[in-house]
file final-v8.cif (mmCIF, C-alpha atoms (C1' of nucleotides))
data_structure
#
loop_
_atom_site.label_atom_id
_atom_site.label_comp_id
_atom_site.auth_asym_id
_atom_site.auth_seq_id
_atom_site.Cartn_x
_atom_site.Cartn_y
_atom_site.Cartn_z
CA MET A 241 0.00 0.00 0.00
CA GLY A 242 1.63 3.24 -1.17
CA ARG A 243 4.92 1.50 -2.04
CA LEU A 244 5.67 4.04 -4.76
CA GLU A 245 9.16 5.01 -3.70
CA MET A 246 11.97 3.30 -1.85
CA SER A 247 13.79 5.22 0.84
CA GLY A 248 15.90 4.08 3.74
CA GLU A 249 12.91 4.18 6.04
CA ASP A 250 11.01 1.79 3.85
CA ASN A 251 13.36 -0.98 4.86
CA LEU A 252 12.28 -0.56 8.43
CA LEU A 253 8.66 -0.44 7.29
CA ARG A 254 9.15 -3.71 5.42
CA LEU A 255 10.56 -5.31 8.53
CA VAL A 256 7.62 -4.18 10.62
CA GLU A 257 5.16 -5.41 8.03
CA ALA A 258 6.90 -8.74 7.76
CA GLU A 259 6.52 -9.10 11.50
CA ASP A 260 2.95 -7.98 11.97
CA GLY A 261 1.29 -8.56 8.63
CA ASP A 262 0.00 -6.04 6.17
CA GLU A 263 -2.97 -5.08 8.34
CA ASN A 264 -0.66 -3.46 10.82
CA ASN A 265 -1.91 -0.02 9.89
CA TYR A 266 -5.43 -0.59 11.19
CA HIS A 267 -5.98 1.48 14.30
CA LEU A 268 -9.09 1.00 16.31
CA GLN A 269 -8.95 4.45 17.85
CA ASP A 270 -9.39 6.03 14.42
CA GLN A 271 -12.54 4.10 13.55
CA VAL A 272 -15.78 6.01 13.66
CA GLY A 273 -17.59 3.19 15.47
CA PHE A 274 -15.10 3.10 18.28
CA ILE A 275 -15.07 6.88 18.76
CA LEU A 276 -18.86 6.98 18.55
CA ARG A 277 -19.03 4.41 21.32
CA LYS A 278 -16.64 6.42 23.48
CA ALA A 279 -18.46 9.69 22.88
CA HIS A 280 -21.70 8.01 23.83
CA GLN A 281 -20.13 6.59 26.98
CA ARG A 282 -18.89 10.02 27.96
CA HIS A 283 -22.31 11.52 27.47
CA VAL A 284 -23.98 8.82 29.58
CA SER A 285 -21.43 9.47 32.31
CA ILE A 286 -22.13 13.21 32.23
CA PHE A 287 -25.84 12.46 32.31
CA ALA A 288 -25.43 10.25 35.38
CA SER A 289 -23.43 12.92 37.18
CA HIS A 290 -26.34 15.37 36.80
CA ILE A 291 -29.31 13.03 37.02
CA GLY A 292 -28.47 10.13 39.26
CA ASP A 293 -31.77 8.38 39.67
CA LEU A 294 -32.88 8.16 36.04
CA THR A 295 -31.13 6.68 33.01
CA PRO A 296 -31.05 8.42 29.61
CA PRO A 297 -33.59 5.97 28.15
CA GLN A 298 -35.91 6.50 31.11
CA PHE A 299 -35.53 10.25 30.73
CA ALA A 300 -36.23 9.96 27.02
CA ALA A 301 -39.46 8.09 27.69
CA LEU A 302 -40.67 10.67 30.20
CA ALA A 303 -39.63 13.61 28.00
CA LYS A 304 -41.43 12.19 24.99
CA LEU A 305 -44.59 11.46 26.96
CA HIS A 306 -44.44 15.00 28.29
CA ASP A 307 -44.07 16.31 24.75
CA ILE A 308 -46.83 14.33 23.05
CA GLY A 309 -49.03 12.98 25.83
CA GLU A 310 -50.53 9.51 26.10
CA THR A 311 -49.47 7.02 23.44
CA SER A 312 -49.08 3.30 22.97
CA GLN A 313 -46.01 1.54 24.26
CA ASN A 314 -45.01 0.53 20.76
CA GLN A 315 -45.44 4.02 19.33
CA LEU A 316 -43.42 5.44 22.21
CA GLY A 317 -40.67 2.97 21.42
CA THR A 318 -40.57 4.10 17.81
CA LEU A 319 -40.36 7.74 18.86
CA ILE A 320 -37.46 7.20 21.25
CA ALA A 321 -35.67 4.61 19.13
CA MET A 322 -36.16 1.53 21.27
CA ASP A 323 -37.36 -1.84 20.13
CA ALA A 324 -40.41 -3.42 21.73
CA ALA A 325 -38.49 -5.57 24.19
CA THR A 326 -36.36 -2.70 25.41
CA VAL A 327 -39.18 -0.21 25.80
CA LYS A 328 -41.15 -2.72 27.83
CA GLY A 329 -38.39 -2.95 30.41
CA VAL A 330 -38.04 0.83 30.58
CA ILE A 331 -41.79 1.34 31.04
CA ASP A 332 -41.98 -1.44 33.62
CA ARG A 333 -39.37 0.28 35.73
CA LEU A 334 -40.97 3.71 35.39
CA LYS A 335 -44.32 2.16 36.29
CA ALA A 336 -42.82 0.53 39.38
CA ARG A 337 -41.74 4.00 40.49
CA ASP A 338 -45.13 5.52 39.78
CA LEU A 339 -43.76 7.87 37.11
CA VAL A 340 -45.99 6.48 34.35
CA GLU A 341 -49.24 4.56 34.31
CA VAL A 342 -50.59 2.18 31.68
CA SER A 343 -54.10 1.37 30.54
CA LYS A 344 -55.78 -0.71 27.87
CA HIS A 345 -56.83 0.90 24.61
CA GLU A 346 -60.64 0.98 24.48
CA VAL A 347 -60.95 -0.01 20.85
CA ASP A 348 -57.77 -1.84 19.90
CA LYS A 349 -57.28 -4.40 22.62
CA ARG A 350 -53.71 -5.12 21.53
CA ARG A 351 -52.49 -1.68 22.55
CA LEU A 352 -51.13 -0.64 25.91
CA LEU A 353 -51.48 3.08 26.48
CA VAL A 354 -48.79 4.81 28.50
CA ASN A 355 -49.05 8.19 30.20
CA LEU A 356 -47.25 10.30 32.77
CA THR A 357 -48.53 10.25 36.33
CA PRO A 358 -48.64 13.60 38.15
CA LYS A 359 -45.44 12.50 39.86
CA GLY A 360 -43.89 11.70 36.49
CA ARG A 361 -44.94 15.06 35.09
CA GLU A 362 -43.49 16.85 38.08
CA ALA A 363 -40.26 14.88 37.70
CA ILE A 364 -39.72 15.53 34.01
CA GLU A 365 -40.51 19.24 34.33
CA ARG A 366 -37.99 19.50 37.11
CA LEU A 367 -35.35 17.56 35.13
CA ILE A 368 -35.57 19.25 31.75
CA PRO A 369 -33.45 22.23 32.88
CA LEU A 370 -30.82 19.77 34.05
CA ALA A 371 -30.94 18.08 30.66
CA ARG A 372 -30.04 21.38 29.07
CA ALA A 373 -26.99 21.56 31.33
CA ILE A 374 -26.06 18.00 30.38
CA THR A 375 -26.19 18.87 26.69
CA GLU A 376 -24.07 21.92 27.36
CA GLU A 377 -21.43 19.98 29.25
CA THR A 378 -21.36 17.23 26.64
CA LEU A 379 -20.71 19.81 23.93
CA ALA A 380 -18.33 21.91 26.03
CA PRO A 381 -15.20 20.79 24.12
CA LEU A 382 -16.63 22.41 20.97
CA THR A 383 -17.08 26.06 20.09
CA ALA A 384 -20.57 27.29 19.22
CA LYS A 385 -19.78 27.07 15.55
CA GLU A 386 -18.30 23.60 15.87
CA THR A 387 -21.34 22.50 17.83
CA ALA A 388 -23.67 23.58 15.06
CA THR A 389 -21.57 21.77 12.47
CA PHE A 390 -21.26 18.67 14.60
CA LEU A 391 -24.96 18.38 15.31
CA ARG A 392 -25.77 18.85 11.64
CA LEU A 393 -23.40 16.07 10.59
CA LEU A 394 -24.29 13.78 13.47
CA ALA A 395 -27.95 14.04 12.57
CA LYS A 396 -27.08 12.88 9.06
CA LEU A 397 -25.62 9.71 10.53
CA ALA A 398 -28.48 8.98 12.92
CA MET B 199 -39.38 33.57 27.52
CA GLY B 200 -39.17 35.94 24.54
CA ARG B 201 -42.48 37.60 25.40
CA LEU B 202 -41.32 40.94 23.99
CA GLU B 203 -44.23 41.66 21.72
CA MET B 204 -47.88 40.77 21.72
CA SER B 205 -49.45 39.65 18.50
CA GLY B 206 -52.54 37.63 17.77
CA GLU B 207 -50.52 34.44 17.65
CA ASP B 208 -49.19 35.01 21.12
CA ASN B 209 -52.63 34.39 22.50
CA LEU B 210 -52.53 30.92 21.05
CA LEU B 211 -49.02 30.46 22.38
CA ARG B 212 -50.19 31.47 25.85
CA LEU B 213 -52.94 28.91 25.64
CA VAL B 214 -50.53 26.18 24.65
CA GLU B 215 -48.12 27.12 27.39
CA ALA B 216 -50.87 27.23 29.95
CA GLU B 217 -51.74 23.73 28.93
CA ASP B 218 -48.33 22.15 28.65
CA GLY B 219 -46.10 24.27 30.82
CA ASP B 220 -43.18 26.44 29.88
CA GLU B 221 -40.89 23.51 29.09
CA ASN B 222 -42.98 22.65 26.09
CA ASN B 223 -40.17 23.66 23.76
CA TYR B 224 -37.83 20.86 24.82
CA HIS B 225 -37.41 18.40 22.00
CA LEU B 226 -35.64 15.16 22.63
CA GLN B 227 -34.73 14.62 19.00
CA ASP B 228 -32.57 17.75 19.04
CA GLN B 229 -30.51 16.70 22.05
CA VAL B 230 -26.97 15.58 21.37
CA GLY B 231 -27.27 12.59 23.69
CA PHE B 232 -30.29 11.22 21.92
CA ILE B 233 -28.81 11.66 18.46
CA LEU B 234 -25.52 10.19 19.64
CA ARG B 235 -27.38 7.14 20.88
CA LYS B 236 -29.18 6.75 17.56
CA ALA B 237 -26.01 7.18 15.51
CA HIS B 238 -24.33 4.56 17.64
CA GLN B 239 -27.28 2.20 17.18
CA ARG B 240 -27.11 2.66 13.44
CA HIS B 241 -23.42 1.87 13.40
CA VAL B 242 -23.88 -1.29 15.47
CA SER B 243 -26.59 -2.39 13.08
CA ILE B 244 -24.32 -1.82 10.07
CA PHE B 245 -21.57 -3.69 11.87
CA ALA B 246 -23.86 -6.66 12.49
CA SER B 247 -24.92 -6.76 8.86
CA HIS B 248 -21.28 -7.17 7.78
CA ILE B 249 -19.87 -9.19 10.68
CA GLY B 250 -22.55 -11.41 12.09
CA ASP B 251 -20.67 -13.63 14.47
CA LEU B 252 -18.71 -11.00 16.40
CA THR B 253 -19.89 -7.92 18.27
CA PRO B 254 -18.13 -4.54 18.04
CA PRO B 255 -16.62 -4.92 21.54
CA GLN B 256 -15.36 -8.40 20.68
CA PHE B 257 -13.91 -7.08 17.45
CA ALA B 258 -12.29 -4.21 19.34
CA ALA B 259 -10.61 -6.63 21.73
CA LEU B 260 -9.23 -8.78 18.91
CA ALA B 261 -8.13 -5.78 16.87
CA LYS B 262 -6.30 -4.26 19.82
CA LEU B 263 -4.58 -7.52 20.69
CA HIS B 264 -3.55 -7.84 17.07
CA ASP B 265 -2.19 -4.31 17.16
CA ILE B 266 -0.21 -4.48 20.41
CA GLY B 267 0.18 -8.16 21.21
CA GLU B 268 -0.19 -9.81 24.60
CA THR B 269 -1.34 -7.60 27.42
CA SER B 270 -3.17 -7.80 30.72
CA GLN B 271 -6.94 -7.98 30.80
CA ASN B 272 -7.13 -4.71 32.68
CA GLN B 273 -4.77 -2.89 30.32
CA LEU B 274 -6.74 -4.20 27.37
CA GLY B 275 -9.90 -2.83 28.94
CA THR B 276 -8.34 0.60 29.29
CA LEU B 277 -7.25 0.58 25.65
CA ILE B 278 -10.67 -0.36 24.31
CA ALA B 279 -12.65 1.74 26.81
CA MET B 280 -14.27 -1.03 28.83
CA ASP B 281 -14.40 -1.30 32.57
CA ALA B 282 -13.04 -4.38 34.30
CA ALA B 283 -16.39 -6.13 34.64
CA THR B 284 -17.29 -5.65 30.99
CA VAL B 285 -13.94 -6.70 29.58
CA LYS B 286 -14.03 -9.87 31.62
CA GLY B 287 -17.26 -10.96 29.95
CA VAL B 288 -15.93 -10.12 26.50
CA ILE B 289 -12.71 -12.06 27.07
CA ASP B 290 -14.58 -15.00 28.57
CA ARG B 291 -16.68 -15.32 25.44
CA LEU B 292 -13.70 -14.97 23.10
CA LYS B 293 -11.85 -17.56 25.17
CA ALA B 294 -14.78 -19.97 24.93
CA ARG B 295 -14.50 -19.69 21.15
CA ASP B 296 -10.75 -20.23 21.17
CA LEU B 297 -10.05 -16.79 19.71
CA VAL B 298 -7.93 -15.67 22.67
CA GLU B 299 -6.03 -17.47 25.39
CA VAL B 300 -5.12 -16.30 28.88
CA SER B 301 -2.18 -17.02 31.12
CA LYS B 302 -0.83 -15.88 34.46
CA HIS B 303 1.77 -13.14 34.64
CA GLU B 304 5.05 -14.66 35.81
CA VAL B 305 6.01 -11.82 38.12
CA ASP B 306 2.83 -10.01 39.06
CA LYS B 307 0.44 -12.72 40.14
CA ARG B 308 -2.56 -10.38 40.04
CA ARG B 309 -2.39 -10.00 36.28
CA LEU B 310 -4.12 -12.12 33.69
CA LEU B 311 -2.36 -11.97 30.34
CA VAL B 312 -4.49 -12.17 27.22
CA ASN B 313 -3.30 -13.03 23.73
CA LEU B 314 -4.68 -14.01 20.34
CA THR B 315 -4.73 -17.68 19.45
CA PRO B 316 -3.71 -18.59 15.88
CA LYS B 317 -7.42 -18.92 15.17
CA GLY B 318 -8.03 -15.47 16.64
CA ARG B 319 -5.23 -13.97 14.59
CA GLU B 320 -6.60 -15.54 11.43
CA ALA B 321 -10.06 -14.22 12.27
CA ILE B 322 -9.08 -10.62 12.94
CA GLU B 323 -6.87 -10.43 9.85
CA ARG B 324 -9.75 -11.70 7.77
CA LEU B 325 -12.20 -9.24 9.35
CA ILE B 326 -10.21 -6.01 9.24
CA PRO B 327 -11.02 -5.40 5.55
CA LEU B 328 -14.70 -5.82 6.42
CA ALA B 329 -14.27 -3.29 9.20
CA ARG B 330 -13.07 -0.77 6.67
CA ALA B 331 -16.26 -1.35 4.68
CA ILE B 332 -18.31 -0.89 7.84
CA THR B 333 -16.66 2.44 8.53
CA GLU B 334 -17.29 3.46 4.95
CA GLU B 335 -20.96 2.57 5.09
CA THR B 336 -21.41 4.27 8.44
CA LEU B 337 -19.96 7.47 7.03
CA ALA B 338 -21.68 7.16 3.66
CA PRO B 339 -24.20 9.96 4.35
CA LEU B 340 -21.29 12.41 4.59
CA THR B 341 -19.01 13.77 1.90
CA ALA B 342 -15.28 13.26 2.26
CA LYS B 343 -14.86 16.76 3.61
CA GLU B 344 -17.74 16.38 6.02
CA THR B 345 -16.31 13.07 7.20
CA ALA B 346 -12.99 14.69 8.05
CA THR B 347 -14.74 17.48 9.95
CA PHE B 348 -17.06 15.09 11.72
CA LEU B 349 -14.30 12.77 12.89
CA ARG B 350 -12.25 15.70 14.14
CA LEU B 351 -15.15 17.07 16.19
CA LEU B 352 -16.33 13.66 17.38
CA ALA B 353 -12.85 12.88 18.65
CA LYS B 354 -12.98 16.07 20.71
CA LEU B 355 -16.10 14.74 22.45
CA ALA B 356 -14.77 11.23 23.09
"C1'" DC C 233 -66.92 -13.73 5.05
"C1'" DT C 234 -62.74 -15.78 5.91
"C1'" DG C 235 -58.09 -17.14 5.46
"C1'" DA C 236 -53.64 -14.82 5.03
"C1'" DT C 237 -51.06 -10.86 6.83
"C1'" DA C 238 -49.80 -7.57 9.76
"C1'" DT C 239 -49.46 -5.31 14.22
"C1'" DC C 240 -48.86 -5.04 19.33
"C1'" DA C 241 -47.08 -6.83 23.30
"C1'" DT C 242 -44.57 -10.29 25.85
"C1'" DT C 243 -41.00 -13.58 26.85
"C1'" DT C 244 -36.50 -15.75 26.49
"C1'" DG C 245 -31.69 -15.71 25.64
"C1'" DC C 246 -27.54 -13.44 24.95
"C1'" DA C 247 -24.28 -9.46 25.12
"C1'" DT C 248 -22.72 -5.08 26.61
"C1'" DA C 249 -22.16 -1.51 30.45
"C1'" DC C 250 -21.24 0.11 34.93
"C1'" DG C 251 -21.43 0.79 40.20
"C1'" DA C 252 -20.21 -1.39 44.31
"C1'" DA C 253 -18.21 -4.83 47.10
"C1'" DT C 254 -14.59 -8.28 47.75
"C1'" DG C 255 -10.17 -10.63 47.88
"C1'" DA C 256 -5.48 -11.23 46.44
"C1'" DA C 257 -1.20 -9.17 45.33
"C1'" DT C 258 1.77 -5.23 44.94
"C1'" DT C 259 3.54 -0.70 45.88
"C1'" DT C 260 4.19 3.20 48.74
"C1'" DG C 261 5.55 5.94 52.51
"C1'" DA C 262 6.44 7.19 57.15
"C1'" DT D 170 9.96 -2.61 57.49
"C1'" DC D 171 5.28 -2.80 57.80
"C1'" DA D 172 0.81 -0.69 57.74
"C1'" DA D 173 -1.84 1.96 54.36
"C1'" DA D 174 -2.99 2.72 49.85
"C1'" DT D 175 -3.25 1.03 45.21
"C1'" DT D 176 -3.91 -2.19 41.55
"C1'" DC D 177 -5.89 -6.34 39.27
"C1'" DA D 178 -9.42 -9.38 38.78
"C1'" DT D 179 -13.87 -11.27 40.06
"C1'" DT D 180 -18.69 -11.28 41.41
"C1'" DC D 181 -23.29 -9.36 42.02
"C1'" DG D 182 -27.03 -6.50 40.82
"C1'" DT D 183 -29.34 -3.55 37.66
"C1'" DA D 184 -30.29 -1.60 33.07
"C1'" DT D 185 -30.15 -1.23 28.24
"C1'" DG D 186 -30.33 -3.47 23.50
"C1'" DC D 187 -31.68 -6.70 20.08
"C1'" DA D 188 -33.06 -11.27 17.69
"C1'" DA D 189 -36.35 -14.70 17.63
"C1'" DA D 190 -40.43 -17.00 19.00
"C1'" DT D 191 -45.18 -16.70 20.67
"C1'" DG D 192 -49.97 -15.31 21.39
"C1'" DA D 193 -53.65 -12.11 20.88
"C1'" DT D 194 -55.92 -8.97 18.05
"C1'" DA D 195 -56.82 -6.36 13.86
"C1'" DT D 196 -56.74 -5.62 8.95
"C1'" DC D 197 -56.74 -6.98 4.27
"C1'" DA D 198 -57.81 -9.49 0.02
"C1'" DG D 199 -60.17 -12.47 -2.68
#
call {"tool": "encode", "arguments": {"input": "final-v8.cif", "output": "structure tokens"}}
result
Amino acid sequence: MGRLEMSGEDNLLRLVEAEDGDENNYHLQDQVGFILRKAHQRHVSIFASHIGDLTPPQFAALAKLHDIGETSQNQLGTLIAMDAATVKGVIDRLKARDLVEVSKHEVDKRRLLVNLTPKGREAIERLIPLARAITEETLAPLTAKETATFLRLLAKLA
Amino acid sequence: MGRLEMSGEDNLLRLVEAEDGDENNYHLQDQVGFILRKAHQRHVSIFASHIGDLTPPQFAALAKLHDIGETSQNQLGTLIAMDAATVKGVIDRLKARDLVEVSKHEVDKRRLLVNLTPKGREAIERLIPLARAITEETLAPLTAKETATFLRLLAKLA
DNA sequence: CTGATATCATTTGCATACGAATGAATTTGA
DNA sequence: TCAAATTCATTCGTATGCAAATGATATCAG
């Protein structure tokens, strides 16, 4: 790969390649997937330092319910990007803490309607300002201009 | 917030705010954490479609071992951004499939050394080209210039 | 109208991910 | 030197996250 010219340093390169194989120049830390995973981990850690008793998925469920009101469990999952199995666990745990309540759909008996309880509404309204701080801290390494660019490009990938 | 002028539409706005509270303008889908989570999900899905029998963390462990050679389980975890409990599970599963092998450190009896088996080396060398395709597909929505910008900014956040 | 499809929810199984607690081994510092 | 602090690995508990299978209900097509 790129063996267009032969200099003294290329001999060393040849030795290294002979030792480690030609895939030696693959570096995990440069791969978008690996960096994406780390950036996500950092965000979750920042989130936890601000909001200790709720996870990001739980927060997402409450925030979305606050935004759109009662909806089916499945529809909620679609809106917050969770598959059916995952959203069930999240709702079960919020239900156990009396932050949401569920009820059967009158007409379509397959559907499980989910809604905020008063306690859940109080909680999410109290937490949304903290969420803004979390976003700010997550993006702190970037300038305002970089942030705008980053969010635009990130959205393209999501 | 921003109630500087009073037009006809502001009456409607007041009604909406009275109904939903002043935090009505918080939208989950604009938050960096939520988009980050979705982008990561998309990448994992692309990864799985190319490499079905290995997860991204398992791949990361093999790729790092291939890059640096034998190392301790803990050190490996640091290099691939996994805490001790997580890396243990990953290594256990790779060990069960004979892709890595572990041994005791001669001097420091606390350490567990991890290394690729021949089978593991063969596997990772075969998979690295696929990983390049995965990266490409993940970044496909961006132009080359956007990709460079995105990776630079993402690295700042990770 | 009814059989084929599709949708909604649940369950199971597996794989991260991390906090906290524990135990063994090593290093440090007074 | 030896007690305190640190490091390495393990275990436990909890929480996503997803594939696949299942059952109940609803919709569609002929």
call {"tool": "residues_around", "arguments": {"input": "final-v8.cif", "residues": "C:DT239", "least_positions_apart": "4", "cutoff": "10 Å", "atoms": "all atoms listed in the file", "output": "VMD selection string"}}
result
(chain A and resid 314 350 to 351) or (chain D and resid 194 to 196)
call {"tool": "atom_distance", "arguments": {"input": "final-v8.cif", "atom1": "atom CA of B:Leu337", "atom2": "atom CA of A:Thr387"}}
result
18.6 Å
call {"tool": "closest_residue", "arguments": {"input": "final-v8.cif", "among": "A:Ala321, A:Ala363, A:Val327, A:Ile308", "to": "A:Asp293", "atoms": "only C-alpha atoms"}}
result
A:Ala363
call {"tool": "resolve_selection", "arguments": {"input": "final-v8.cif", "expression": "the PyMOL selection byres ((chain D) within 12 of (chain A))", "output": "compact mmCIF listing (two decimals) with C-alpha atoms (C1' of nucleotides), in the coordinates of the input"}}
result
# COMPACT_ATOMS: atom_id res chain seq x y z
C1' DT D 183 -29.34 -3.55 37.66
C1' DA D 184 -30.29 -1.60 33.07
C1' DT D 185 -30.15 -1.23 28.24
C1' DG D 186 -30.33 -3.47 23.50
C1' DC D 187 -31.68 -6.70 20.08
C1' DA D 188 -33.06 -11.27 17.69
C1' DA D 189 -36.35 -14.70 17.63
C1' DG D 192 -49.97 -15.31 21.39
C1' DA D 193 -53.65 -12.11 20.88
C1' DT D 194 -55.92 -8.97 18.05
C1' DA D 195 -56.82 -6.36 13.86
C1' DT D 196 -56.74 -5.62 8.95
call {"tool": "atom_distance", "arguments": {"input": "final-v8.cif", "atom1": "atom CA of A:Ser285", "atom2": "atom CA of B:Leu292"}}
result
27.2 Å
